[in-house]
Amino acid sequence: MRRIRTRLIALGTALTAALPLALTAPAAAQEGTDAPSPVAVEEGRLGLAAPREILRRSGFDEVGPEFARGLAATRSEGSAKRYVVRAGRALWDRAVDRVQGRGPMGGELSRDDDRPLYWARLEMTRALREWQPSFELSAERRAVLYGALERASRGEDSIELPPGRGVTRVLVTGFDPFQLDADPRRSNPSGASALALDGTTLRTSSGRAVRIETAVFPVRWSDFAAGTVERTLLPHFRPGPRQVDLFTTVSQGRPGRFDVERTNGAWRGGYPDNARESRTETVPIPDDVPTVRPQPQWTRTTLPYEALAGGATGPYPVHDNTEVTEIPAGGTEPVKRPDGPTPGSTARAGGGGDYLSNEIAYRATLLRDAVAPSLPGGHLHTPVLEFGSGNTDPKTGTVTDPAFVRNRLAIVGQLRELVRTAVTAGCQWPGA
């Protein structure tokens, strides 16, 4: 998920120009105001033709109505919370099972598709927002239910890595689709990869078992500022029998290539998120999570970038990206540096830009540095997932095509091999 130097920037620039008032929208609705919450902004796209077709052709169009009926049957806040968590996890499990080939397809949309999860979750959050319970429920308590639904339906609260020295534990994260005002048909190969890899076991060339767990994060500045990344990752970064041995955050980046992002910057560049909100500021770190003080301007990957860029992992080239944008020490204007930041500089873009992909990489590696500095981890950018040559116009195009599916499968397959390569080169275990 990269804001700069992609073929999508023209569309993004047009979107920014078209929505000047949305950029100052509040992070969440306040009682007594008409300001929509970030999730409600995303729900507003559900009436478009593409989301309706994606839900219908995957069989996920039944998820929202079923959830609304179950919610209406609850008779207390406690039962509602239990139901919301159960339904959220069921949605995540259903999406994982569909992508991994378990159970019925539910429609003719290809199994590898990440979009049914995204749009079905929004149908559930809309049902939760519109629900009129038979008991008293404050806006604050309803927000707690929203949070529980979000975490459960994203796999954030069901990461379960096995203990023991006989298995290598890996955590991979992806993102929702984004830039949906420009094209609501979009898929995100990082999210598709998370669904394809969750709960799977790979084998290295030596026969070592590699267990992978995943989660998918929202494309919303406000959620990141609230600490959703740190609270999801922290239990698995802390030392202990289930501590991860390697992690990688993943997002969509440049056309035609993977990138291993060497350096991450502490700067939010302001590009609108899925809620049409913009944030331009130093990355804010929550007070209640472990961190490094004073907050550094830069963090760095500890993934084995030379092995990843030098291996034969699939059809796309893999680049070791070292470029950043900084304000040099004593300077006032941003400068691009092809070989990483200079001492004392101020971040304006990491290798992964200044959007949420850079931010998740910065947050994850900063948390690593605070609790487990030797842990191999960093960020991978996938190629941009493109539609076929005759299907590029969202006004006339279809929600899928053979090239679109082939491209997504190729990206997911190569990411799996990159994880295998990273484990082989970056992890140490007895007998290795």
# chains A, B, ... in the order shown; residues from 1 in each chain; ligands from 1
$ closest_atom_pairs --of "range 243-269 of chain A" --to "range 339-361 of chain A" --cutoff "7 Å" --atoms "only C-alpha atoms" --output "CSV"
residue,atom,partner,partner_atom,distance
A:Thr249,CA,A:Ala361,CA,6.3
A:Ser251,CA,A:Ser357,CA,5.9
A:Glu261,CA,A:Gly351,CA,5.2
A:Arg262,CA,A:Gly351,CA,6.4
A:Thr263,CA,A:Gly351,CA,5.6
A:Asn264,CA,A:Gly350,CA,4.3
A:Gly265,CA,A:Gly350,CA,4.4
A:Ala266,CA,A:Ala347,CA,5.8
A:Trp267,CA,A:Arg348,CA,5.5
A:Arg268,CA,A:Asp354,CA,5.3
A:Gly269,CA,A:Asp354,CA,4.8
$ write_last_selection --atoms "N, CA, C and O atoms" --output "JSON list (two decimals), in the first residue's frame"
[["chain", "number", "residue", "atom", "x", "y", "z"],
["A", 249, "THR", "N", 5.22, -7.52, 7.79],
["A", 249, "THR", "CA", 4.03, -6.81, 7.37],
["A", 249, "THR", "C", 4.08, -6.72, 5.85],
["A", 249, "THR", "O", 5.16, -6.66, 5.25],
["A", 251, "SER", "N", 2.07, -5.14, 2.16],
["A", 251, "SER", "CA", 1.08, -4.27, 1.53],
["A", 251, "SER", "C", 1.35, -4.23, 0.03],
["A", 251, "SER", "O", 2.36, -4.73, -0.44],
["A", 261, "GLU", "N", 11.54, -3.36, 1.96],
["A", 261, "GLU", "CA", 11.76, -1.99, 2.38],
["A", 261, "GLU", "C", 12.79, -1.95, 3.50],
["A", 261, "GLU", "O", 12.54, -2.42, 4.60],
["A", 262, "ARG", "N", 13.94, -1.37, 3.21],
["A", 262, "ARG", "CA", 15.05, -1.40, 4.15],
["A", 262, "ARG", "C", 14.81, -0.47, 5.36],
["A", 262, "ARG", "O", 15.17, -0.81, 6.49],
["A", 263, "THR", "N", 14.21, 0.71, 5.13],
["A", 263, "THR", "CA", 14.09, 1.71, 6.19],
["A", 263, "THR", "C", 12.67, 2.27, 6.22],
["A", 263, "THR", "O", 12.06, 2.50, 5.18],
["A", 264, "ASN", "N", 12.16, 2.49, 7.43],
["A", 264, "ASN", "CA", 10.81, 3.01, 7.64],
["A", 264, "ASN", "C", 10.88, 4.35, 8.36],
["A", 264, "ASN", "O", 11.69, 4.53, 9.28],
["A", 265, "GLY", "N", 10.03, 5.30, 7.97],
["A", 265, "GLY", "CA", 10.09, 6.64, 8.53],
["A", 265, "GLY", "C", 8.93, 6.98, 9.43],
["A", 265, "GLY", "O", 7.81, 6.47, 9.26],
["A", 266, "ALA", "N", 9.17, 7.88, 10.39],
["A", 266, "ALA", "CA", 8.18, 8.27, 11.39],
["A", 266, "ALA", "C", 7.34, 9.45, 10.90],
["A", 266, "ALA", "O", 7.18, 10.45, 11.59],
["A", 267, "TRP", "N", 6.78, 9.33, 9.69],
["A", 267, "TRP", "CA", 6.04, 10.46, 9.13],
["A", 267, "TRP", "C", 4.81, 9.97, 8.38],
["A", 267, "TRP", "O", 4.87, 9.02, 7.60],
["A", 268, "ARG", "N", 3.68, 10.65, 8.64],
["A", 268, "ARG", "CA", 2.42, 10.41, 7.94],
["A", 268, "ARG", "C", 2.26, 11.51, 6.88],
["A", 268, "ARG", "O", 2.21, 12.69, 7.22],
["A", 269, "GLY", "N", 2.14, 11.12, 5.63],
["A", 269, "GLY", "CA", 2.16, 12.09, 4.54],
["A", 269, "GLY", "C", 0.83, 12.70, 4.17],
["A", 269, "GLY", "O", 0.78, 13.60, 3.32]]
$ select_by_dssp --residues "range 72-300 of chain A" --states "helix (DSSP H, G or I)" --output "PyMOL selection string"
chain A and resi 72+77-99+115-130+139-153+189-197+221-225+228-237
$ closest_residue --among "A:Ser134, A:Gln243, A:Thr74, A:Asn274" --to "Val41 in chain A" --atoms "only C-alpha atoms"
A:Asn274
$ residues_around --residues "range 225-234 of chain A" --least-positions-apart "5" --cutoff "8 Å" --atoms "only C-alpha atoms" --output "list of chain:residue names"
A:Glu156, A:Asp157, A:Phe217, A:Val283, A:Pro284, A:Ile285, A:Pro286, A:Val289, A:Ile360, A:Arg363, A:Ala364, A:Leu367
$ write_last_selection --atoms "all heavy atoms" --output "mmCIF file, in the first residue's frame"
data_model
loop_
_atom_site.group_PDB
_atom_site.id
_atom_site.type_symbol
_atom_site.label_atom_id
_atom_site.label_comp_id
_atom_site.auth_asym_id
_atom_site.auth_seq_id
_atom_site.Cartn_x
_atom_site.Cartn_y
_atom_site.Cartn_z
ATOM 1 N N GLU A 156 -7.304 -10.721 14.142
ATOM 2 C CA GLU A 156 -6.379 -10.102 15.089
ATOM 3 C C GLU A 156 -6.409 -10.771 16.452
ATOM 4 O O GLU A 156 -5.396 -10.773 17.167
ATOM 5 C CB GLU A 156 -6.710 -8.620 15.246
ATOM 6 C CG GLU A 156 -6.463 -7.803 13.981
ATOM 7 C CD GLU A 156 -6.874 -6.351 14.153
ATOM 8 O OE1 GLU A 156 -7.059 -5.920 15.309
ATOM 9 O OE2 GLU A 156 -7.016 -5.644 13.135
ATOM 10 N N ASP A 157 -7.554 -11.321 16.854
ATOM 11 C CA ASP A 157 -7.657 -11.907 18.197
ATOM 12 C C ASP A 157 -7.622 -13.433 18.176
ATOM 13 O O ASP A 157 -7.887 -14.074 19.188
ATOM 14 C CB ASP A 157 -8.933 -11.419 18.896
ATOM 15 C CG ASP A 157 -10.207 -11.958 18.258
ATOM 16 O OD1 ASP A 157 -10.127 -12.582 17.171
ATOM 17 O OD2 ASP A 157 -11.297 -11.750 18.837
ATOM 18 N N PHE A 217 -5.311 -5.700 8.372
ATOM 19 C CA PHE A 217 -5.547 -4.423 9.029
ATOM 20 C C PHE A 217 -6.348 -3.464 8.149
ATOM 21 O O PHE A 217 -6.306 -3.544 6.922
ATOM 22 C CB PHE A 217 -4.220 -3.774 9.430
ATOM 23 C CG PHE A 217 -3.585 -4.427 10.619
ATOM 24 C CD1 PHE A 217 -2.535 -5.325 10.467
ATOM 25 C CD2 PHE A 217 -4.058 -4.174 11.892
ATOM 26 C CE1 PHE A 217 -1.952 -5.940 11.563
ATOM 27 C CE2 PHE A 217 -3.484 -4.779 13.002
ATOM 28 C CZ PHE A 217 -2.438 -5.674 12.838
ATOM 29 N N VAL A 283 4.313 10.033 13.234
ATOM 30 C CA VAL A 283 3.538 8.850 13.609
ATOM 31 C C VAL A 283 3.313 8.854 15.122
ATOM 32 O O VAL A 283 4.280 8.853 15.897
ATOM 33 C CB VAL A 283 4.277 7.566 13.188
ATOM 34 C CG1 VAL A 283 3.592 6.326 13.759
ATOM 35 C CG2 VAL A 283 4.348 7.468 11.661
ATOM 36 N N PRO A 284 2.040 8.873 15.566
ATOM 37 C CA PRO A 284 1.774 8.902 17.009
ATOM 38 C C PRO A 284 1.812 7.500 17.607
ATOM 39 O O PRO A 284 1.196 6.574 17.096
ATOM 40 C CB PRO A 284 0.356 9.495 17.080
ATOM 41 C CG PRO A 284 -0.288 9.071 15.798
ATOM 42 C CD PRO A 284 0.799 8.995 14.770
ATOM 43 N N ILE A 285 2.527 7.352 18.705
ATOM 44 C CA ILE A 285 2.646 6.064 19.382
ATOM 45 C C ILE A 285 1.798 6.098 20.656
ATOM 46 O O ILE A 285 1.941 7.012 21.463
ATOM 47 C CB ILE A 285 4.116 5.759 19.734
ATOM 48 C CG1 ILE A 285 4.984 5.807 18.470
ATOM 49 C CG2 ILE A 285 4.230 4.393 20.413
ATOM 50 C CD1 ILE A 285 4.586 4.840 17.378
ATOM 51 N N PRO A 286 0.917 5.125 20.865
ATOM 52 C CA PRO A 286 0.092 5.124 22.083
ATOM 53 C C PRO A 286 0.951 5.076 23.349
ATOM 54 O O PRO A 286 2.026 4.468 23.370
ATOM 55 C CB PRO A 286 -0.752 3.852 21.937
ATOM 56 C CG PRO A 286 -0.761 3.556 20.471
ATOM 57 C CD PRO A 286 0.568 4.012 19.965
ATOM 58 N N VAL A 289 1.833 1.283 25.172
ATOM 59 C CA VAL A 289 2.551 0.163 24.564
ATOM 60 C C VAL A 289 4.048 0.382 24.722
ATOM 61 O O VAL A 289 4.516 1.531 24.766
ATOM 62 C CB VAL A 289 2.193 -0.004 23.068
ATOM 63 C CG1 VAL A 289 0.711 -0.287 22.897
ATOM 64 C CG2 VAL A 289 2.608 1.207 22.255
ATOM 65 N N ILE A 360 2.767 0.886 9.118
ATOM 66 C CA ILE A 360 2.701 -0.411 9.787
ATOM 67 C C ILE A 360 4.104 -0.988 9.922
ATOM 68 O O ILE A 360 4.435 -1.613 10.943
ATOM 69 C CB ILE A 360 1.751 -1.385 9.077
ATOM 70 C CG1 ILE A 360 1.406 -2.554 10.013
ATOM 71 C CG2 ILE A 360 2.330 -1.905 7.760
ATOM 72 C CD1 ILE A 360 0.302 -3.463 9.493
ATOM 73 N N ARG A 363 5.710 0.979 12.836
ATOM 74 C CA ARG A 363 5.167 0.579 14.132
ATOM 75 C C ARG A 363 5.633 -0.820 14.527
ATOM 76 O O ARG A 363 6.015 -1.059 15.683
ATOM 77 C CB ARG A 363 3.639 0.621 14.093
ATOM 78 C CG ARG A 363 3.062 2.019 14.045
ATOM 79 C CD ARG A 363 1.542 2.004 14.022
ATOM 80 N NE ARG A 363 0.986 3.346 13.976
ATOM 81 C CZ ARG A 363 0.801 4.135 15.028
ATOM 82 N NH1 ARG A 363 1.135 3.687 16.237
ATOM 83 N NH2 ARG A 363 0.296 5.343 14.888
ATOM 84 N N ALA A 364 5.594 -1.753 13.593
ATOM 85 C CA ALA A 364 5.979 -3.132 13.922
ATOM 86 C C ALA A 364 7.455 -3.229 14.281
ATOM 87 O O ALA A 364 7.833 -3.912 15.244
ATOM 88 C CB ALA A 364 5.649 -4.052 12.757
ATOM 89 N N LEU A 367 8.140 -1.538 17.675
ATOM 90 C CA LEU A 367 7.734 -2.436 18.754
ATOM 91 C C LEU A 367 8.750 -3.563 18.922
ATOM 92 O O LEU A 367 9.110 -3.923 20.053
ATOM 93 C CB LEU A 367 6.350 -3.002 18.448
ATOM 94 C CG LEU A 367 5.715 -3.877 19.528
ATOM 95 C CD1 LEU A 367 5.383 -3.066 20.773
ATOM 96 C CD2 LEU A 367 4.449 -4.558 18.978
#
$ residues_around --residues "Arg154 in chain A" --least-positions-apart "5" --cutoff "8 Å" --atoms "only C-alpha atoms" --output "list in words"
Gly88, Arg89, Trp92, Ala215, Val216 and Phe217 of chain A
$ atom_distance --atom1 "CA of Val260 in chain A" --atom2 "CA of Ala192 in chain A"
18.7 Å
$ closest_residue --among "A:Ala410, A:Val85, A:Ala72, A:Leu48" --to "Ala152 in chain A" --atoms "only C-alpha atoms"
A:Val85
$ closest_residue --among "A:Ile212, A:Val172, A:Ala403, A:Leu195" --to "Gly378 in chain A" --atoms "only C-alpha atoms"
A:Val172
$ residues_around --residues "Ala370 in chain A" --least-positions-apart "2" --cutoff "8 Å" --atoms "only C-alpha atoms" --output "ChimeraX atom specification"
/A:290-292,366-368,372-373
$ write_last_selection --atoms "N, CA, C and O atoms" --output "compact mmCIF listing (two decimals), in the first residue's frame"
# COMPACT_ATOMS: atom_id res chain seq x y z
N PRO A 290 4.84 -0.69 24.82
CA PRO A 290 6.29 -0.52 24.91
C PRO A 290 6.83 0.16 23.66
O PRO A 290 6.39 -0.13 22.55
N THR A 291 7.79 1.03 23.83
CA THR A 291 8.37 1.71 22.69
C THR A 291 9.78 2.17 23.03
O THR A 291 10.26 1.98 24.15
N VAL A 292 10.44 2.76 22.07
CA VAL A 292 11.79 3.29 22.23
C VAL A 292 11.68 4.79 22.48
O VAL A 292 10.97 5.50 21.76
N LEU A 366 9.41 -0.74 15.32
CA LEU A 366 9.66 0.01 16.55
C LEU A 366 9.27 -0.85 17.76
O LEU A 366 9.99 -0.88 18.77
N LEU A 367 8.14 -1.54 17.68
CA LEU A 367 7.73 -2.44 18.75
C LEU A 367 8.75 -3.56 18.92
O LEU A 367 9.11 -3.92 20.05
N ARG A 368 9.22 -4.10 17.82
CA ARG A 368 10.28 -5.12 17.88
C ARG A 368 11.49 -4.59 18.62
O ARG A 368 12.05 -5.27 19.51
N ALA A 372 11.96 -7.04 21.52
CA ALA A 372 12.70 -8.20 21.00
C ALA A 372 13.61 -7.76 19.86
O ALA A 372 13.38 -8.09 18.69
N PRO A 373 14.67 -7.01 20.15
CA PRO A 373 15.49 -6.39 19.10
C PRO A 373 16.12 -7.37 18.12
O PRO A 373 16.39 -6.98 16.98
$ atom_distance --atom1 "CA of Pro162 in chain A" --atom2 "CA of Thr301 in chain A"
24.8 Å
$ decode --residues "range 108-134 of chain A" --atoms "N, CA, C and O atoms" --output "short mmCIF file (atom, residue, chain, number, x, y, z; two decimals), in the first residue's frame"
data_model
loop_
_atom_site.label_atom_id
_atom_site.label_comp_id
_atom_site.auth_asym_id
_atom_site.auth_seq_id
_atom_site.Cartn_x
_atom_site.Cartn_y
_atom_site.Cartn_z
N GLU A 108 -19.49 -18.26 -8.16
CA GLU A 108 -18.48 -18.53 -9.18
C GLU A 108 -17.27 -17.61 -9.09
O GLU A 108 -16.31 -17.77 -9.85
N LEU A 109 -17.26 -16.65 -8.17
CA LEU A 109 -16.07 -15.82 -7.99
C LEU A 109 -14.91 -16.69 -7.53
O LEU A 109 -15.08 -17.54 -6.65
N SER A 110 -13.72 -16.48 -8.07
CA SER A 110 -12.60 -17.36 -7.78
C SER A 110 -12.28 -17.38 -6.29
O SER A 110 -12.47 -16.39 -5.58
N ARG A 111 -11.81 -18.52 -5.82
CA ARG A 111 -11.60 -18.71 -4.38
C ARG A 111 -10.53 -17.79 -3.81
O ARG A 111 -10.54 -17.50 -2.61
N ASP A 112 -9.59 -17.35 -4.60
CA ASP A 112 -8.45 -16.59 -4.08
C ASP A 112 -8.80 -15.16 -3.72
O ASP A 112 -7.94 -14.40 -3.27
N ASP A 113 -10.05 -14.75 -3.85
CA ASP A 113 -10.47 -13.36 -3.74
C ASP A 113 -10.57 -12.91 -2.28
O ASP A 113 -11.23 -13.56 -1.47
N ASP A 114 -9.95 -11.79 -1.95
CA ASP A 114 -10.01 -11.23 -0.59
C ASP A 114 -11.19 -10.29 -0.39
O ASP A 114 -11.55 -9.95 0.74
N ARG A 115 -11.83 -9.85 -1.47
CA ARG A 115 -12.83 -8.80 -1.37
C ARG A 115 -14.12 -9.21 -0.65
O ARG A 115 -14.73 -8.35 0.01
N PRO A 116 -14.59 -10.46 -0.75
CA PRO A 116 -15.80 -10.80 0.01
C PRO A 116 -15.68 -10.54 1.50
O PRO A 116 -16.64 -10.11 2.14
N LEU A 117 -14.52 -10.79 2.08
CA LEU A 117 -14.31 -10.52 3.51
C LEU A 117 -14.49 -9.04 3.80
O LEU A 117 -15.17 -8.67 4.77
N TYR A 118 -13.90 -8.19 3.00
CA TYR A 118 -13.97 -6.75 3.25
C TYR A 118 -15.40 -6.24 3.19
O TYR A 118 -15.88 -5.56 4.12
N TRP A 119 -16.10 -6.56 2.12
CA TRP A 119 -17.44 -6.02 1.95
C TRP A 119 -18.44 -6.65 2.92
O TRP A 119 -19.36 -5.97 3.40
N ALA A 120 -18.29 -7.93 3.23
CA ALA A 120 -19.19 -8.56 4.19
C ALA A 120 -18.98 -7.99 5.58
O ALA A 120 -19.95 -7.81 6.35
N ARG A 121 -17.74 -7.69 5.96
CA ARG A 121 -17.49 -7.06 7.26
C ARG A 121 -18.22 -5.72 7.35
O ARG A 121 -18.82 -5.39 8.37
N LEU A 122 -18.20 -4.95 6.28
CA LEU A 122 -18.89 -3.66 6.29
C LEU A 122 -20.40 -3.83 6.40
O LEU A 122 -21.08 -3.01 7.02
N GLU A 123 -20.93 -4.88 5.81
CA GLU A 123 -22.36 -5.14 6.00
C GLU A 123 -22.65 -5.44 7.48
O GLU A 123 -23.69 -5.02 8.01
N MET A 124 -21.74 -6.13 8.13
CA MET A 124 -21.92 -6.41 9.56
C MET A 124 -21.79 -5.15 10.40
O MET A 124 -22.59 -4.93 11.32
N THR A 125 -20.82 -4.31 10.11
CA THR A 125 -20.67 -3.09 10.92
C THR A 125 -21.86 -2.15 10.70
O THR A 125 -22.31 -1.47 11.62
N ARG A 126 -22.38 -2.14 9.48
CA ARG A 126 -23.57 -1.32 9.24
C ARG A 126 -24.76 -1.84 10.03
O ARG A 126 -25.52 -1.06 10.62
N ALA A 127 -24.92 -3.17 10.06
CA ALA A 127 -26.01 -3.74 10.85
C ALA A 127 -25.85 -3.41 12.32
O ALA A 127 -26.84 -3.11 13.01
N LEU A 128 -24.62 -3.43 12.81
CA LEU A 128 -24.36 -3.09 14.21
C LEU A 128 -24.66 -1.62 14.48
O LEU A 128 -25.22 -1.26 15.52
N ARG A 129 -24.33 -0.76 13.54
CA ARG A 129 -24.60 0.68 13.72
C ARG A 129 -26.09 0.97 13.71
O ARG A 129 -26.58 1.83 14.45
N GLU A 130 -26.85 0.27 12.87
CA GLU A 130 -28.29 0.52 12.74
C GLU A 130 -29.14 -0.22 13.78
O GLU A 130 -30.32 0.09 13.94
N TRP A 131 -28.55 -1.17 14.46
CA TRP A 131 -29.27 -2.01 15.42
C TRP A 131 -29.86 -1.18 16.57
O TRP A 131 -29.19 -0.33 17.15
N GLN A 132 -31.11 -1.45 16.88
CA GLN A 132 -31.79 -0.82 18.01
C GLN A 132 -32.03 -1.89 19.08
O GLN A 132 -33.01 -2.64 19.00
N PRO A 133 -31.13 -2.02 20.05
CA PRO A 133 -31.26 -3.10 21.04
C PRO A 133 -32.46 -2.90 21.95
O PRO A 133 -32.96 -1.78 22.13
N SER A 134 -32.90 -4.00 22.56
CA SER A 134 -34.02 -3.95 23.49
C SER A 134 -33.58 -3.51 24.88
O SER A 134 -34.41 -3.40 25.79
#
